[in-house]
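This report refers to the structure that appears directly beneath it.
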Amino acid sequence: MQRLYIHIRTLLVAEKSSPVRKAGEALKELQMIDNAWLVTEDDRILDFGPMVEWENRKAVFRPEETTDCTGRIILPAFCDSHTHIVFAGSREGEFVDKINGLSYEEIARRGGGILNSAAKLRETSEEELTEQAWNRLEEMKRMGTGAVEIKSGYGLTVEDEIKMLKVIRNLKERSPLTIKSTFLGAHALPMEYRENRGAYIRLITEKMIPRIADEGLADYVDVFCDKGFFTPEETSAILECGARYGLKPKIHANELDYSGGIQTGVKYSAVSVDHLEFTGDEEIAALLASGTIPTLLPSTAFFLRLHYPPARKMISAGLPLALASDYNPGSSPSGNMFFVMSLACIQMKMLPEEVIHAATINGAYAMELNETHGSITPGKKANFIITEPVPSYTFLSYSFGRPHVSEIILNGEKQ
């Protein structure tokens, strides 16, 4: 079935051939068409162009539905490449602890943080976890997200990590969103292994990864390689095991200190390294020599009152950047990618054009979906946002705090 969208105020990331990713100066070179038309067929984008050309082109198409988008912008649905939306309950008590001055690391050492979520998750059934995660996924969809990566990491036992990954599989089967699954057993060290770190690493490499691979439950393997969590040496052992079982790496790196996590991710050809609040010249040089994409999570820095990653320095050096929400109960309890873009502009001085690329085509690259998602390109998935009437695309980041979605189209269908 063909659908036609006409009088689009501005059609964004409108690329006749798909970009791989946007890096350096290219991040601000936003391809757009004012007063545009767009045709989709079934679940794919068919073609687009300016309205002044429509009269000469319309005989080629047979649209059965027409939508007038006067005053509205169309842009690709967001590709949120870093989330933890499978969790039980919430952690607002720790929110108050942070207000009272406790740091993220202090809360973790007391058995809070990730270990708090792990304790709750172990008491919650797969069915209940699925329903809670489904509600969060639907919330994200309403705010414009069309592709998402979801991590495990609140199980920290063989059975509970498997339970989380089965929940993600349930969501894949049920949702119109495109979902990638990541095994993050090395999210935190369980209390019972505090005096025997090696035993937990062996549990991951000898029990968890083989079983997860055998059941086909994950696309990626992740490690929290940072101060107070896992060392580069421990991370290497886990990534080498993951590689033997066909799991590509994605790394939590340098959120809390210069941890060596970025260099470790590059060494093992990680698809992405994420967080990166502590990124200096050595880390930038390593990334420039790689295909690994840096992924920034500004809502986490906002929530934890951390300093923000040096986005301008990274862009000036020629790096690509992706933006993601890090939706999780402890450090970023929101999946609002419009707010993430606003934070990136306000706190990291990224331009509106740069944050749009970072949340769409570069987010798709961070999930290896750039050939099918992340831009308005003929042949790609018909996944896009139709905004409310807005004066310009800059308004999407300027007017912070709420999504600007009128309709979300996924797989060619209105949601």
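Identifiers for the structure tokens are assigned positionally: chains receive A, B, ... in sequence, residues are indexed from 1 per chain, and ligands are indexed from 1 in the order shown.
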Check: If you count only C-alpha atoms, which residues fall within 8 Å of region 1-15 of chain A, apart from same-chain ones fewer than 5 positions away, as a PyMOL selection string?
Finding: chain A and resi 30-42+51+61-76+357+375-377+392-393
Find the residues of region 352-372 of chain A that sit at most 10 Å from region 394-398 of chain A; for each, write down the nearest two atoms and how far apart they are in Å, to one decimal. Count only C-alpha atoms. Sort by chain, then by number going up, and give it as a tab-separated table.
```
residue	atom	partner	partner_atom	distance
A:Pro352	CA	A:Thr394	CA	5.7
A:Glu353	CA	A:Thr394	CA	8.0
A:Val355	CA	A:Ser397	CA	8.5
A:Ile356	CA	A:Ser397	CA	9.1
```
May I have the selected residues written with N, CA and C atoms, as a PDB file, in the first residue's frame?
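What ended up in out11.pdb:
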```
ATOM      1  N   PRO A 352      21.894  22.088  16.687  1.00  0.00           N
ATOM      2  CA  PRO A 352      20.677  21.327  16.407  1.00  0.00           C
ATOM      3  C   PRO A 352      20.855  20.314  15.287  1.00  0.00           C
ATOM      4  N   GLU A 353      21.607  20.668  14.239  1.00  0.00           N
ATOM      5  CA  GLU A 353      21.839  19.728  13.140  1.00  0.00           C
ATOM      6  C   GLU A 353      22.643  18.514  13.617  1.00  0.00           C
ATOM      7  N   VAL A 355      22.798  17.229  16.708  1.00  0.00           N
ATOM      8  CA  VAL A 355      22.069  16.315  17.592  1.00  0.00           C
ATOM      9  C   VAL A 355      21.045  15.494  16.816  1.00  0.00           C
ATOM     10  N   ILE A 356      20.496  16.050  15.754  1.00  0.00           N
ATOM     11  CA  ILE A 356      19.566  15.262  14.935  1.00  0.00           C
ATOM     12  C   ILE A 356      20.299  14.085  14.299  1.00  0.00           C
TER      13      ILE A 356
END
```
Item checked: Distance of CA of Ala119 (chain A) from CA of Asp97 (chain A), expressed in Å to one decimal place ->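 These atoms are spaced 18.5 Å apart.
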Could you please write out, as a PDB file with C-alpha atoms, in the first residue's frame, every residue of region 57-126 of chain A that DSSP assigns to strand (DSSP E or B)?
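The result, written out as part-v3.pdb:
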```pdb
ATOM      1  CA  GLU A  65      -3.870   7.531   1.530  1.00  0.00           C
ATOM      2  CA  THR A  66      -2.750  11.155   1.658  1.00  0.00           C
ATOM      3  CA  THR A  67      -1.718  13.075   4.779  1.00  0.00           C
ATOM      4  CA  ASP A  68      -1.363  16.862   4.720  1.00  0.00           C
ATOM      5  CA  ARG A  72       4.912  19.859  10.459  1.00  0.00           C
ATOM      6  CA  ILE A  73       8.401  18.427  10.187  1.00  0.00           C
ATOM      7  CA  ILE A  74       9.192  14.829   9.289  1.00  0.00           C
ATOM      8  CA  LEU A  75      12.410  13.311  10.574  1.00  0.00           C
ATOM      9  CA  PRO A  76      13.611   9.723  11.040  1.00  0.00           C
ATOM     10  CA  PHE A  78      15.043   8.033  16.861  1.00  0.00           C
ATOM     11  CA  CYS A  79      17.531   5.183  17.136  1.00  0.00           C
ATOM     12  CA  ASP A  80      18.213   4.893  20.869  1.00  0.00           C
ATOM     13  CA  SER A  81      21.299   2.692  21.084  1.00  0.00           C
ATOM     14  CA  HIS A  82      21.736   2.399  24.867  1.00  0.00           C
ATOM     15  CA  THR A  83      18.934   1.540  27.315  1.00  0.00           C
TER      16      THR A  83
END
```
Notebook entry, point to check: How many Å lie between CA of Pro329 (chain A) and CA of Arg91 (chain A), rounded to one decimal?
Noted result: 5.8 Å
Next item on the list: Return the single residue from A:Lys141, A:Gly185, A:Ala301, A:Pro333 that is closest to Ser406 (chain A), with distances computed using only C-alpha atoms.
Entry: A:Lys141
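Nearest to Tyr104 (chain A) of all the residues A:Glu255, A:Glu388, A:Asp43, A:Glu29 is A:Glu255, counting only C-alpha atoms.
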Note to self: What's around Tyr308 (chain A) at 10 Å? Count only C-alpha atoms, leave out sequence neighbours fewer than 3 positions away in its own chain, and write the answer as a list in words.
What the structure shows: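 Everything that qualifies: Glu255, His275, Leu276, Glu277, Phe278, Thr279, Leu296, Leu297, Pro298, Ser299, Thr300, Ala301, Phe302, Arg305, Ala311, Leu343, Ala344, Gln347 and Met348 of chain A.
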Checklist line | Residue neighbourhood region 218-229 of chain A, 9 Å, only C-alpha atoms, exclusion window fewer than 3 positions, as JSON, numbers by chain | finding: {"A": [105, 109, 151, 165, 169, 180, 181, 182, 183, 184, 185, 186, 187, 188, 189, 209, 212, 213, 215, 232, 234, 235, 238, 239, 242, 243, 246, 247, 248, 249, 250, 251, 252, 253, 254, 255, 256, 257, 258, 259, 260, 261, 262, 264, 271]}
Using only C-alpha atoms, which residues sit within 6 Å of Gly335 (chain A) once same-chain residues fewer than 5 positions away are excluded, as a compact mmCIF listing (two decimals) with N, CA and C atoms, in the first residue's frame?
```
# COMPACT_ATOMS: atom_id res chain seq x y z
N MET A 140 8.40 5.16 25.12
CA MET A 140 9.47 5.60 24.23
C MET A 140 8.96 5.76 22.80
N SER A 325 19.59 7.50 25.30
CA SER A 325 18.90 7.94 26.52
C SER A 325 19.44 7.31 27.80
N TYR A 327 18.07 4.99 29.34
CA TYR A 327 16.88 4.83 30.17
C TYR A 327 17.11 3.69 31.17
```
Next item on the list: Find, counting only C-alpha atoms, the residue in A:Arg194, A:Arg122, A:Arg202, A:Arg174 that gets nearest to Glu161 (chain A).
Entry: A:Arg122
Check: What does the distance between CA of Met164 (chain A) and CA of Leu321 (chain A) come to in Å, to one decimal place?
Finding: 28.5 Å
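Among the candidates A:Ile107, A:Met367, A:Val86, A:Leu177, the residue lying nearest to Asn383 (chain A) is A:Leu177 (atoms considered: only C-alpha atoms).
If you count only C-alpha atoms and ignore residues fewer than 6 places along the chain from Leu287 (chain A), what sits within 9 Å of it is Ile262, Gln263, Val266, Ile293, Pro294 and Leu319 of chain A.
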May I have the residues from that selection written out with C-alpha atoms, as a tab-separated table (two decimals), in the first residue's frame?
```
chain	number	residue	atom	x	y	z
A	262	ILE	CA	37.69	3.40	25.56
A	263	GLN	CA	41.04	1.93	24.52
A	266	VAL	CA	38.76	0.02	20.40
A	293	ILE	CA	31.38	5.07	17.48
A	294	PRO	CA	31.39	7.17	20.67
A	319	LEU	CA	34.79	11.94	15.38
```
Can you list every residue of region 151-261 of chain A that has an atom at most 10 Å from region 124-131 of chain A, with its nearest atom pair and the distance in Å to one decimal, using only C-alpha atoms, ordered by chain then number, as JSON lines?
```
{"residue": "A:Asp160", "atom": "CA", "partner": "A:Glu126", "partner_atom": "CA", "distance": 9.3}
{"residue": "A:Ile162", "atom": "CA", "partner": "A:Glu126", "partner_atom": "CA", "distance": 10.0}
{"residue": "A:Lys163", "atom": "CA", "partner": "A:Glu126", "partner_atom": "CA", "distance": 6.2}
{"residue": "A:Met164", "atom": "CA", "partner": "A:Glu126", "partner_atom": "CA", "distance": 7.4}
{"residue": "A:Leu165", "atom": "CA", "partner": "A:Glu126", "partner_atom": "CA", "distance": 9.8}
{"residue": "A:Lys166", "atom": "CA", "partner": "A:Glu126", "partner_atom": "CA", "distance": 7.8}
{"residue": "A:Val167", "atom": "CA", "partner": "A:Thr130", "partner_atom": "CA", "distance": 5.3}
{"residue": "A:Ile168", "atom": "CA", "partner": "A:Thr130", "partner_atom": "CA", "distance": 7.8}
{"residue": "A:Arg169", "atom": "CA", "partner": "A:Thr130", "partner_atom": "CA", "distance": 9.6}
{"residue": "A:Asn170", "atom": "CA", "partner": "A:Thr130", "partner_atom": "CA", "distance": 7.1}
{"residue": "A:Leu171", "atom": "CA", "partner": "A:Thr130", "partner_atom": "CA", "distance": 7.2}
```
Note to self: If DSSP is run on the backbone, what residues of region 132-285 of chain A are alpha helix (DSSP H)? A reply as a ChimeraX atom specification would be ideal.
What the structure shows: /A:132-142,158-174,197-202,209-214,232-244,261-267,281-285
Just C-alpha atoms for this one: save the residues we selected as a PDB file, in the first residue's frame.
```
ATOM      1  CA  GLN A 132       6.723  -3.312  32.993  1.00  0.00           C
ATOM      2  CA  ALA A 133       9.244  -3.129  30.147  1.00  0.00           C
ATOM      3  CA  TRP A 134       6.449  -3.090  27.560  1.00  0.00           C
ATOM      4  CA  ASN A 135       4.946   0.012  29.171  1.00  0.00           C
ATOM      5  CA  ARG A 136       8.331   1.758  29.032  1.00  0.00           C
ATOM      6  CA  LEU A 137       8.816   0.729  25.415  1.00  0.00           C
ATOM      7  CA  GLU A 138       5.400   2.084  24.478  1.00  0.00           C
ATOM      8  CA  GLU A 139       6.263   5.340  26.269  1.00  0.00           C
ATOM      9  CA  MET A 140       9.470   5.597  24.226  1.00  0.00           C
ATOM     10  CA  LYS A 141       7.552   4.907  21.028  1.00  0.00           C
ATOM     11  CA  ARG A 142       5.100   7.717  21.766  1.00  0.00           C
ATOM     12  CA  VAL A 158      22.859 -17.210  35.304  1.00  0.00           C
ATOM     13  CA  GLU A 159      19.110 -17.686  35.606  1.00  0.00           C
ATOM     14  CA  ASP A 160      18.243 -14.043  36.155  1.00  0.00           C
ATOM     15  CA  GLU A 161      20.379 -12.785  33.266  1.00  0.00           C
ATOM     16  CA  ILE A 162      18.673 -15.393  31.069  1.00  0.00           C
ATOM     17  CA  LYS A 163      15.303 -14.203  32.414  1.00  0.00           C
ATOM     18  CA  MET A 164      16.078 -10.621  31.402  1.00  0.00           C
ATOM     19  CA  LEU A 165      17.204 -11.617  27.926  1.00  0.00           C
ATOM     20  CA  LYS A 166      14.029 -13.676  27.467  1.00  0.00           C
ATOM     21  CA  VAL A 167      12.030 -10.574  28.370  1.00  0.00           C
ATOM     22  CA  ILE A 168      13.884  -8.679  25.631  1.00  0.00           C
ATOM     23  CA  ARG A 169      13.068 -11.509  23.219  1.00  0.00           C
ATOM     24  CA  ASN A 170       9.398 -11.216  24.223  1.00  0.00           C
ATOM     25  CA  LEU A 171       9.504  -7.504  23.453  1.00  0.00           C
ATOM     26  CA  LYS A 172      11.108  -8.165  20.045  1.00  0.00           C
ATOM     27  CA  GLU A 173       8.282 -10.526  19.154  1.00  0.00           C
ATOM     28  CA  ARG A 174       5.541  -8.158  20.326  1.00  0.00           C
ATOM     29  CA  ARG A 197      36.225 -11.384  41.537  1.00  0.00           C
ATOM     30  CA  GLY A 198      37.771 -14.099  39.369  1.00  0.00           C
ATOM     31  CA  ALA A 199      34.986 -16.525  40.235  1.00  0.00           C
ATOM     32  CA  TYR A 200      32.369 -14.100  38.893  1.00  0.00           C
ATOM     33  CA  ILE A 201      34.336 -13.525  35.695  1.00  0.00           C
ATOM     34  CA  ARG A 202      34.473 -17.317  35.251  1.00  0.00           C
ATOM     35  CA  ILE A 209      27.911 -16.546  27.663  1.00  0.00           C
ATOM     36  CA  PRO A 210      27.844 -20.159  26.372  1.00  0.00           C
ATOM     37  CA  ARG A 211      24.214 -20.594  27.390  1.00  0.00           C
ATOM     38  CA  ILE A 212      23.137 -17.192  26.034  1.00  0.00           C
ATOM     39  CA  ALA A 213      24.826 -17.934  22.721  1.00  0.00           C
ATOM     40  CA  ASP A 214      23.311 -21.419  22.579  1.00  0.00           C
ATOM     41  CA  PRO A 232      40.386  -3.514  31.400  1.00  0.00           C
ATOM     42  CA  GLU A 233      41.897  -6.954  32.064  1.00  0.00           C
ATOM     43  CA  GLU A 234      38.573  -8.372  33.267  1.00  0.00           C
ATOM     44  CA  THR A 235      36.819  -6.672  30.370  1.00  0.00           C
ATOM     45  CA  SER A 236      39.258  -8.258  27.907  1.00  0.00           C
ATOM     46  CA  ALA A 237      38.578 -11.747  29.257  1.00  0.00           C
ATOM     47  CA  ILE A 238      34.819 -11.253  28.851  1.00  0.00           C
ATOM     48  CA  LEU A 239      35.066  -9.735  25.372  1.00  0.00           C
ATOM     49  CA  GLU A 240      37.392 -12.497  24.149  1.00  0.00           C
ATOM     50  CA  CYS A 241      34.908 -15.083  25.368  1.00  0.00           C
ATOM     51  CA  GLY A 242      32.033 -13.208  23.745  1.00  0.00           C
ATOM     52  CA  ALA A 243      33.917 -13.112  20.433  1.00  0.00           C
ATOM     53  CA  ARG A 244      34.338 -16.902  20.505  1.00  0.00           C
ATOM     54  CA  GLY A 261      37.607   1.429  28.806  1.00  0.00           C
ATOM     55  CA  ILE A 262      37.685   3.399  25.561  1.00  0.00           C
ATOM     56  CA  GLN A 263      41.037   1.925  24.519  1.00  0.00           C
ATOM     57  CA  THR A 264      39.856  -1.559  25.480  1.00  0.00           C
ATOM     58  CA  GLY A 265      36.727  -1.142  23.382  1.00  0.00           C
ATOM     59  CA  VAL A 266      38.765   0.025  20.396  1.00  0.00           C
ATOM     60  CA  LYS A 267      41.215  -2.872  20.833  1.00  0.00           C
ATOM     61  CA  ASP A 281      43.503  13.307  23.744  1.00  0.00           C
ATOM     62  CA  GLU A 282      44.607   9.671  24.033  1.00  0.00           C
ATOM     63  CA  GLU A 283      41.033   8.413  23.962  1.00  0.00           C
ATOM     64  CA  ILE A 284      40.163  10.610  20.965  1.00  0.00           C
ATOM     65  CA  ALA A 285      43.241   9.392  19.079  1.00  0.00           C
TER      66      ALA A 285
END
```
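Distance annotation: of A:Gly330, A:His307, A:Glu413, A:Ile408, the residue with the minimal separation from Ser90 (chain A) is A:Gly330; atom set is only C-alpha atoms.
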